[in-house]
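What's in entry.txt: compact mmCIF, C-alpha atoms
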# COMPACT_ATOMS: atom_id res chain seq x y z
CA MET A 1467 56.49 -41.01 -10.60
CA ASN A 1468 55.31 -39.56 -13.92
CA TRP A 1469 52.43 -37.19 -13.16
CA SER A 1470 51.71 -36.33 -16.80
CA THR A 1471 50.14 -39.61 -17.91
CA SER A 1472 47.15 -41.52 -16.71
CA GLN A 1473 44.75 -44.06 -17.96
CA ALA A 1474 41.24 -43.27 -19.16
CA ASN A 1475 38.62 -42.17 -16.62
CA HIS A 1476 41.10 -40.96 -14.06
CA HIS A 1477 40.77 -41.91 -10.40
CA SER A 1478 42.84 -38.89 -9.47
CA PHE A 1479 44.14 -35.57 -10.76
CA ILE A 1480 47.49 -33.86 -10.33
CA LEU A 1481 47.33 -30.23 -9.24
CA THR A 1482 49.93 -27.69 -10.34
CA GLY A 1483 51.83 -25.34 -8.07
CA ILE A 1484 54.24 -23.13 -10.02
CA PRO A 1485 54.22 -24.45 -13.62
CA GLY A 1486 57.58 -25.78 -14.74
CA MET A 1487 59.19 -24.94 -11.41
CA PRO A 1488 58.01 -27.51 -8.83
CA ASP A 1489 61.21 -26.99 -6.83
CA LYS A 1490 60.06 -23.39 -6.18
CA ASN A 1491 56.75 -24.44 -4.59
CA PRO A 1492 58.05 -24.11 -1.00
CA TRP A 1493 58.85 -20.46 -1.69
CA MET A 1494 55.12 -19.83 -2.25
CA ALA A 1495 54.11 -21.42 1.05
CA PHE A 1496 54.83 -18.40 3.23
CA PRO A 1497 53.29 -15.70 0.98
CA LEU A 1498 50.15 -17.83 0.62
CA GLY A 1499 50.08 -18.46 4.36
CA PHE A 1500 50.32 -14.70 4.89
CA LEU A 1501 47.41 -14.07 2.51
CA TYR A 1502 45.23 -16.67 4.23
CA THR A 1503 46.11 -15.15 7.61
CA LEU A 1504 45.16 -11.68 6.35
CA THR A 1505 41.89 -13.06 5.00
CA ILE A 1506 40.93 -14.61 8.34
CA LEU A 1507 42.08 -11.65 10.44
CA GLY A 1508 40.51 -9.01 8.19
CA ASN A 1509 37.14 -10.69 7.76
CA GLY A 1510 37.15 -11.91 11.37
CA THR A 1511 37.67 -8.34 12.56
CA ILE A 1512 34.74 -7.13 10.42
CA LEU A 1513 32.48 -9.87 11.83
CA ALA A 1514 33.54 -9.24 15.43
CA VAL A 1515 33.07 -5.47 15.18
CA ILE A 1516 29.60 -5.83 13.66
CA LYS A 1517 28.58 -8.41 16.27
CA VAL A 1518 29.61 -6.41 19.37
CA ASP A 1519 28.46 -2.96 18.21
CA GLN A 1520 24.66 -2.69 18.38
CA SER A 1521 24.71 0.44 16.19
CA LEU A 1522 26.01 -1.70 13.32
CA HIS A 1523 23.06 -4.11 13.41
CA GLU A 1524 21.64 -2.49 10.28
CA PRO A 1525 20.88 -4.00 6.84
CA MET A 1526 24.08 -2.76 5.22
CA TYR A 1527 26.25 -4.39 7.88
CA CYS A 1528 24.22 -7.61 7.85
CA PHE A 1529 25.05 -7.94 4.14
CA LEU A 1530 28.66 -7.02 4.88
CA SER A 1531 28.75 -9.86 7.45
CA LEU A 1532 27.45 -12.25 4.78
CA LEU A 1533 30.17 -11.07 2.41
CA ALA A 1534 32.87 -11.58 5.06
CA LEU A 1535 31.61 -15.10 5.86
CA THR A 1536 31.54 -15.95 2.16
CA ASP A 1537 35.08 -14.64 1.65
CA VAL A 1538 36.39 -16.78 4.49
CA SER A 1539 34.49 -19.85 3.24
CA LEU A 1540 35.75 -19.38 -0.32
CA SER A 1541 39.33 -19.09 0.90
CA MET A 1542 38.99 -22.15 3.13
CA SER A 1543 37.72 -24.15 0.14
CA THR A 1544 41.13 -23.84 -1.51
CA LEU A 1545 43.23 -24.20 1.65
CA PRO A 1546 43.54 -28.04 1.75
CA THR A 1547 45.05 -28.35 -1.72
CA MET A 1548 47.19 -25.23 -1.30
CA LEU A 1549 48.69 -26.74 1.85
CA SER A 1550 49.08 -30.12 0.16
CA ILE A 1551 51.05 -28.68 -2.78
CA PHE A 1552 53.07 -25.83 -1.30
CA TRP A 1553 53.75 -27.20 2.19
CA PHE A 1554 53.82 -30.96 1.74
CA ASN A 1555 54.65 -31.36 -1.98
CA ALA A 1556 51.72 -33.73 -2.46
CA PRO A 1557 49.94 -32.64 -5.65
CA GLU A 1558 47.72 -35.68 -6.18
CA ILE A 1559 44.00 -35.37 -5.36
CA SER A 1560 41.37 -38.07 -5.76
CA PHE A 1561 38.65 -37.55 -8.35
CA ASP A 1562 35.87 -37.40 -5.73
CA ALA A 1563 37.83 -34.97 -3.53
CA CYS A 1564 38.44 -32.80 -6.59
CA ILE A 1565 34.78 -32.51 -7.57
CA THR A 1566 33.87 -31.90 -3.91
CA GLN A 1567 36.30 -28.99 -3.77
CA MET A 1568 34.97 -27.85 -7.13
CA PHE A 1569 31.43 -27.78 -5.70
CA PHE A 1570 32.40 -25.62 -2.72
CA ILE A 1571 34.60 -23.22 -4.73
CA HIS A 1572 31.95 -22.56 -7.35
CA GLY A 1573 29.16 -22.62 -4.78
CA PHE A 1574 30.74 -19.92 -2.63
CA GLY A 1575 31.63 -18.01 -5.80
CA VAL A 1576 27.95 -17.91 -6.77
CA VAL A 1577 27.02 -16.95 -3.19
CA GLU A 1578 29.48 -14.05 -3.28
CA SER A 1579 28.12 -12.74 -6.58
CA ARG A 1580 24.54 -12.88 -5.21
CA VAL A 1581 25.58 -11.19 -1.95
CA LEU A 1582 27.09 -8.38 -4.01
CA VAL A 1583 23.80 -8.05 -5.92
CA SER A 1584 21.95 -7.92 -2.59
CA MET A 1585 24.32 -5.22 -1.37
CA ALA A 1586 23.61 -3.25 -4.55
CA PHE A 1587 19.88 -3.52 -3.81
CA ASP A 1588 20.57 -2.36 -0.25
CA ARG A 1589 22.34 0.77 -1.56
CA PHE A 1590 19.51 1.34 -4.09
CA VAL A 1591 16.93 1.37 -1.29
CA ALA A 1592 19.14 3.52 0.97
CA ILE A 1593 19.51 6.14 -1.77
CA GLY A 1594 16.02 5.95 -3.30
CA ASP A 1595 13.88 5.67 -0.17
CA PRO A 1596 16.02 6.47 2.90
CA LEU A 1597 13.05 7.16 5.21
CA ARG A 1598 11.67 3.62 4.71
CA TYR A 1599 15.09 1.94 4.48
CA THR A 1600 14.97 0.00 7.75
CA SER A 1601 11.27 -0.81 7.39
CA ILE A 1602 11.84 -2.31 3.92
CA LEU A 1603 15.02 -4.22 4.73
CA THR A 1604 14.02 -5.79 8.03
CA HIS A 1605 15.97 -8.65 9.60
CA GLY A 1606 13.27 -11.02 8.36
CA VAL A 1607 13.66 -9.80 4.78
CA ILE A 1608 17.47 -10.04 5.02
CA GLY A 1609 17.13 -13.59 6.36
CA LYS A 1610 14.93 -14.54 3.41
CA ILE A 1611 17.41 -12.96 0.98
CA GLY A 1612 20.20 -14.97 2.61
CA ILE A 1613 18.23 -18.21 2.27
CA ALA A 1614 17.41 -17.39 -1.36
CA VAL A 1615 21.08 -16.71 -2.10
CA LEU A 1616 22.19 -20.04 -0.60
CA THR A 1617 19.37 -21.95 -2.30
CA ARG A 1618 20.14 -20.44 -5.69
CA ALA A 1619 23.86 -21.18 -5.32
CA PHE A 1620 23.12 -24.79 -4.37
CA CYS A 1621 20.72 -25.29 -7.28
CA VAL A 1622 23.14 -23.72 -9.80
CA VAL A 1623 26.23 -25.64 -8.69
CA PHE A 1624 24.72 -28.96 -7.57
CA PRO A 1625 24.56 -30.48 -11.11
CA VAL A 1626 28.19 -29.58 -11.92
CA PRO A 1627 29.92 -32.48 -10.07
CA PHE A 1628 27.55 -35.00 -11.66
CA LEU A 1629 28.10 -33.55 -15.14
CA ILE A 1630 31.87 -33.65 -14.63
CA LYS A 1631 31.67 -37.23 -13.34
CA ARG A 1632 29.91 -38.33 -16.52
CA LEU A 1633 32.69 -37.04 -18.77
CA PRO A 1634 35.26 -39.51 -20.12
CA PHE A 1635 38.87 -38.48 -19.39
CA CYS A 1636 41.54 -39.90 -21.66
CA HIS A 1637 44.10 -37.10 -21.83
CA SER A 1638 46.65 -36.01 -19.25
CA ASN A 1639 45.34 -35.85 -15.68
CA VAL A 1640 47.37 -32.73 -14.82
CA LEU A 1641 45.26 -29.71 -13.91
CA SER A 1642 46.47 -26.14 -14.46
CA HIS A 1643 45.88 -24.79 -10.95
CA SER A 1644 46.49 -25.61 -7.32
CA TYR A 1645 42.78 -26.29 -6.78
CA CYS A 1646 39.95 -27.83 -8.82
CA LEU A 1647 37.87 -25.73 -11.24
CA HIS A 1648 35.28 -27.20 -13.59
CA GLN A 1649 36.74 -25.27 -16.56
CA ASP A 1650 40.09 -26.88 -15.90
CA ALA A 1651 38.68 -30.39 -15.54
CA MET A 1652 36.53 -30.08 -18.69
CA ARG A 1653 39.66 -29.16 -20.65
CA LEU A 1654 40.95 -32.70 -20.03
CA ALA A 1655 37.76 -34.46 -21.15
CA CYS A 1656 37.61 -36.41 -24.40
CA ALA A 1657 33.95 -35.56 -25.12
CA SER A 1658 32.61 -32.21 -26.31
CA THR A 1659 32.09 -29.79 -23.41
CA ARG A 1660 30.34 -26.87 -25.20
CA MET A 1661 27.63 -25.34 -22.86
CA VAL A 1662 25.88 -22.90 -22.81
CA LEU A 1663 21.99 8.99 -13.19
CA SER A 1664 18.74 10.70 -12.77
CA ILE A 1665 19.53 12.47 -9.39
CA ALA A 1666 19.04 16.22 -9.48
CA SER A 1667 22.19 17.92 -8.24
CA ARG A 1668 25.88 17.19 -8.61
CA ALA A 1669 26.27 17.10 -4.82
CA GLU A 1670 23.54 14.46 -4.54
CA ARG A 1671 25.13 12.41 -7.32
CA LEU A 1672 28.50 12.54 -5.56
CA LYS A 1673 26.86 11.56 -2.26
CA ALA A 1674 25.12 8.61 -3.93
CA LEU A 1675 28.36 7.55 -5.62
CA ASN A 1676 30.23 7.79 -2.32
CA THR A 1677 27.53 5.64 -0.67
CA CYS A 1678 28.04 2.95 -3.31
CA LEU A 1679 31.81 3.26 -3.70
CA SER A 1680 32.71 0.44 -1.30
CA HIS A 1681 30.25 -1.85 -3.05
CA ILE A 1682 31.56 -0.87 -6.49
CA CYS A 1683 35.09 -1.73 -5.33
CA ALA A 1684 33.91 -5.10 -4.00
CA VAL A 1685 32.13 -5.88 -7.29
CA LEU A 1686 35.24 -4.96 -9.30
CA LEU A 1687 37.48 -7.01 -6.99
CA PHE A 1688 35.27 -10.05 -7.56
CA TYR A 1689 34.33 -9.77 -11.23
CA VAL A 1690 37.52 -8.40 -12.83
CA PRO A 1691 39.65 -11.43 -11.77
CA LEU A 1692 36.71 -13.75 -12.58
CA ILE A 1693 36.38 -12.35 -16.10
CA GLY A 1694 40.17 -12.43 -16.45
CA VAL A 1695 40.50 -16.10 -15.53
CA THR A 1696 37.53 -17.00 -17.78
CA MET A 1697 39.01 -15.15 -20.77
CA ILE A 1698 42.41 -16.74 -20.23
CA HIS A 1699 40.84 -20.22 -20.15
CA ARG A 1700 38.93 -19.47 -23.35
CA PHE A 1701 41.43 -17.47 -25.41
CA GLY A 1702 44.79 -17.68 -23.63
CA LYS A 1703 45.88 -21.21 -24.47
CA HIS A 1704 49.08 -19.78 -25.99
CA LEU A 1705 50.04 -17.95 -22.79
CA PRO A 1706 52.68 -19.38 -20.42
CA PRO A 1707 51.23 -21.72 -17.75
CA VAL A 1708 52.43 -19.39 -15.00
CA VAL A 1709 49.95 -16.74 -16.24
CA HIS A 1710 47.06 -19.20 -15.83
CA THR A 1711 48.22 -20.08 -12.32
CA LEU A 1712 48.72 -16.45 -11.32
CA MET A 1713 45.26 -15.38 -12.54
CA ALA A 1714 43.57 -18.35 -10.89
CA ASN A 1715 45.15 -17.56 -7.52
CA VAL A 1716 44.39 -13.83 -7.85
CA TYR A 1717 40.75 -14.67 -8.63
CA LEU A 1718 40.22 -16.60 -5.38
CA LEU A 1719 42.67 -14.95 -2.97
CA LEU A 1720 42.57 -11.24 -3.80
CA PRO A 1721 38.89 -10.38 -3.01
CA PRO A 1722 38.87 -11.99 0.49
CA VAL A 1723 42.09 -10.14 1.39
CA LEU A 1724 41.05 -6.72 0.07
CA ASN A 1725 37.29 -6.63 0.86
CA PRO A 1726 37.80 -6.07 4.63
CA ILE A 1727 40.34 -3.33 3.85
CA VAL A 1728 37.96 -1.59 1.42
CA TYR A 1729 35.04 -1.65 3.84
CA SER A 1730 37.20 -0.67 6.81
CA VAL A 1731 38.60 2.34 4.96
CA ARG A 1732 35.38 3.42 3.25
CA THR A 1733 32.86 2.75 6.07
CA LYS A 1734 33.20 5.37 8.79
CA GLN A 1735 31.32 3.45 11.50
CA ILE A 1736 33.41 0.30 11.10
CA ARG A 1737 36.64 2.29 10.90
CA ARG A 1738 35.80 4.15 14.12
CA ARG A 1739 34.83 0.96 15.92
CA ILE A 1740 38.05 -0.85 14.91
CA ILE A 1741 40.15 2.13 16.05
CA HIS A 1742 38.19 2.23 19.31
CA VAL A 1743 38.80 -1.50 19.93
CA PHE A 1744 42.53 -1.21 19.31
CA GLN A 1745 42.83 1.96 21.41
CA GLY A 1746 41.04 0.19 24.27
CA ARG A 1747 43.47 -2.72 24.13
CA ILE A 1748 46.47 -0.38 24.05
CA ASN A 1749 45.16 1.56 27.04
CA ARG A 1750 44.57 -1.66 29.03
CA ALA A 1751 48.12 -2.80 28.20

Please rewrite the model in this file as structure tokens.
Amino acid sequence: MNWSTSQANHHSFILTGIPGMPDKNPWMAFPLGFLYTLTILGNGTILAVIKVDQSLHEPMYCFLSLLALTDVSLSMSTLPTMLSIFWFNAPEISFDACITQMFFIHGFGVVESRVLVSMAFDRFVAIGDPLRYTSILTHGVIGKIGIAVLTRAFCVVFPVPFLIKRLPFCHSNVLSHSYCLHQDAMRLACASTRMVLSIASRAERLKALNTCLSHICAVLLFYVPLIGVTMIHRFGKHLPPVVHTLMANVYLLLPPVLNPIVYSVRTKQIRRRIIHVFQGRINRA
């Protein structure tokens, strides 16, 4: 079957595994499976440790739990099509399924960016007013922030599927990635798609920086690949297709894999608790 042609207003899209090398797709199945496993194990460990340890029921760790849940959800949004392409060699996806996946991918992407902003606010309060930290960021306030984050993400992303559905498609129905992104779908449309340190001492500055370092790493892990994939879509049309695919997969898979590692290494309480859990299991064995 010729995947590269389709009639106007497609009823389905064709996702791309490894551009130009479809016979190599099975070789990607196991590395991707390993990354998904790491994502679930890493973020699951963070969530379990925070849940069972009462001393970690603080604002910072509540936000970290939200980040872990978002990372898992974002990864799971891409899992169906990744499995379909790399395990079962079935690259076709219906139009409605594609825009549904698009909604969840972009929705959880917006949630993650807002959670990172909330975590930055948490560190700002912890550094600027440590004595009132827990009285300012109560569980009620954190709950309201969580609801606001989800509501904002829903309101921002909700129109996207309807806007995409209104576009006429008369070019190829082959997408550039192994999952659906609105930038990728708009590229195939026939119509126009143009849219719119003031702390006293050096020691205190270093302490403040150290307090925020994990969060800075998480922000960089999320935004650097995001900016990279956006720039490649806008200015990298001359680049080989494999570069587009690589950046798109790095954008969605790298942060969920590395965030638990960053916070486990940089957060002393979580690191101690994880070591304690594993030591307890070894001793029982």

Query - Exercise: residues within 12 Å of coordinate (23.8, -27.4, -12.4), counting all atoms listed in the file, as an MDAnalysis selection string - result: chainID A and resid 1569 1572:1573 1576 1618:1630 1648 1661:1662

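The spacing separating atom CA of A:Ser1642 from atom CA of A:Ala1495 amounts to 17.9 Å.
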
Query raised in the report: What lies within 9 Å of A:Gly1575 using all atoms listed in the file, ignoring chain neighbours under 2 positions off, as an MDAnalysis selection string?
Result: chainID A and resid 1536:1537 1540 1570:1573 1577:1580 1619 1688 1718

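Straight-line separation from atom CA of A:Glu1524 to atom CA of A:Arg1738: 16.1 Å.
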
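Taking atom CA of A:His1605 and atom CA of A:Thr1505 as the two end points, the separation is 26.7 Å.
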
Query raised in the report: Skipping near chain neighbours, those fewer than 3 positions away, what residues fall within 8 Å of stretch 1584-1591 of chain A using all atoms listed in the file, listed as a ChimeraX atom specification?
Result: /A:1525-1526,1529-1530,1580-1581,1594-1596,1599,1603,1611,1677-1678,1681

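Proximity to A:Val1728 was assessed for A:Tyr1527, A:Val1515, A:Ile1740, A:Cys1683 counting only C-alpha atoms; the smallest distance is recorded for A:Cys1683.
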
Which residues are close to stretch 1489-1494 of chain A, i.e. within 8 Å by only C-alpha atoms, leaving aside same-chain residues fewer than 2 positions away? Reply as a PDB file with C-alpha atoms, in the coordinates of the input.
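The new file result_13.pdb reads:
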ATOM      1  CA  GLY A1483      51.830 -25.340  -8.070  1.00  0.00           C
ATOM      2  CA  ILE A1484      54.240 -23.130 -10.020  1.00  0.00           C
ATOM      3  CA  MET A1487      59.190 -24.940 -11.410  1.00  0.00           C
ATOM      4  CA  PHE A1496      54.830 -18.400   3.230  1.00  0.00           C
ATOM      5  CA  PRO A1497      53.290 -15.700   0.980  1.00  0.00           C
ATOM      6  CA  LEU A1498      50.150 -17.830   0.620  1.00  0.00           C
ATOM      7  CA  ILE A1551      51.050 -28.680  -2.780  1.00  0.00           C
ATOM      8  CA  PHE A1552      53.070 -25.830  -1.300  1.00  0.00           C
ATOM      9  CA  TRP A1553      53.750 -27.200   2.190  1.00  0.00           C
ATOM     10  CA  ASN A1555      54.650 -31.360  -1.980  1.00  0.00           C
TER      11      ASN A1555
END

Requested in this report: Fewer than 5 positions away in the same chain doesn't count, so skip those; otherwise give me all residues within 10 Å of A:Gly1510, counting all atoms listed in the file, as a PyMOL selection string.
Outcome: chain A and resi 1504-1505+1515-1516+1531+1534-1535+1538+1726

Save out the residues we just selected, C-alpha atoms, as a PDB file, keeping the file's coordinate frame.
ATOM      1  CA  LEU A1504      45.160 -11.680   6.350  1.00  0.00           C
ATOM      2  CA  THR A1505      41.890 -13.060   5.000  1.00  0.00           C
ATOM      3  CA  VAL A1515      33.070  -5.470  15.180  1.00  0.00           C
ATOM      4  CA  ILE A1516      29.600  -5.830  13.660  1.00  0.00           C
ATOM      5  CA  SER A1531      28.750  -9.860   7.450  1.00  0.00           C
ATOM      6  CA  ALA A1534      32.870 -11.580   5.060  1.00  0.00           C
ATOM      7  CA  LEU A1535      31.610 -15.100   5.860  1.00  0.00           C
ATOM      8  CA  VAL A1538      36.390 -16.780   4.490  1.00  0.00           C
ATOM      9  CA  PRO A1726      37.800  -6.070   4.630  1.00  0.00           C
TER      10      PRO A1726
END

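Comparing the minimum interatomic distances between A:Ser1550 and each of A:Ile1480, A:Val1723, A:Val1583, A:Ala1514, counting all atoms listed in the file, we find that A:Ile1480 sits nearest.
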
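Using only C-alpha atoms, the smallest distance between any of A:Arg1739, A:Lys1610, A:Ser1730, A:Tyr1645 and A:Gly1508 comes from A:Ser1730.
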
Report task. Tell me, as a ChimeraX atom specification, which residues lie within 10 Å of A:Thr1547, counting all atoms listed in the file; anything in the same chain fewer than 2 positions away does not count. Result -> /A:1481-1483,1542-1545,1549-1554,1556-1559,1563-1564,1567,1643-1646
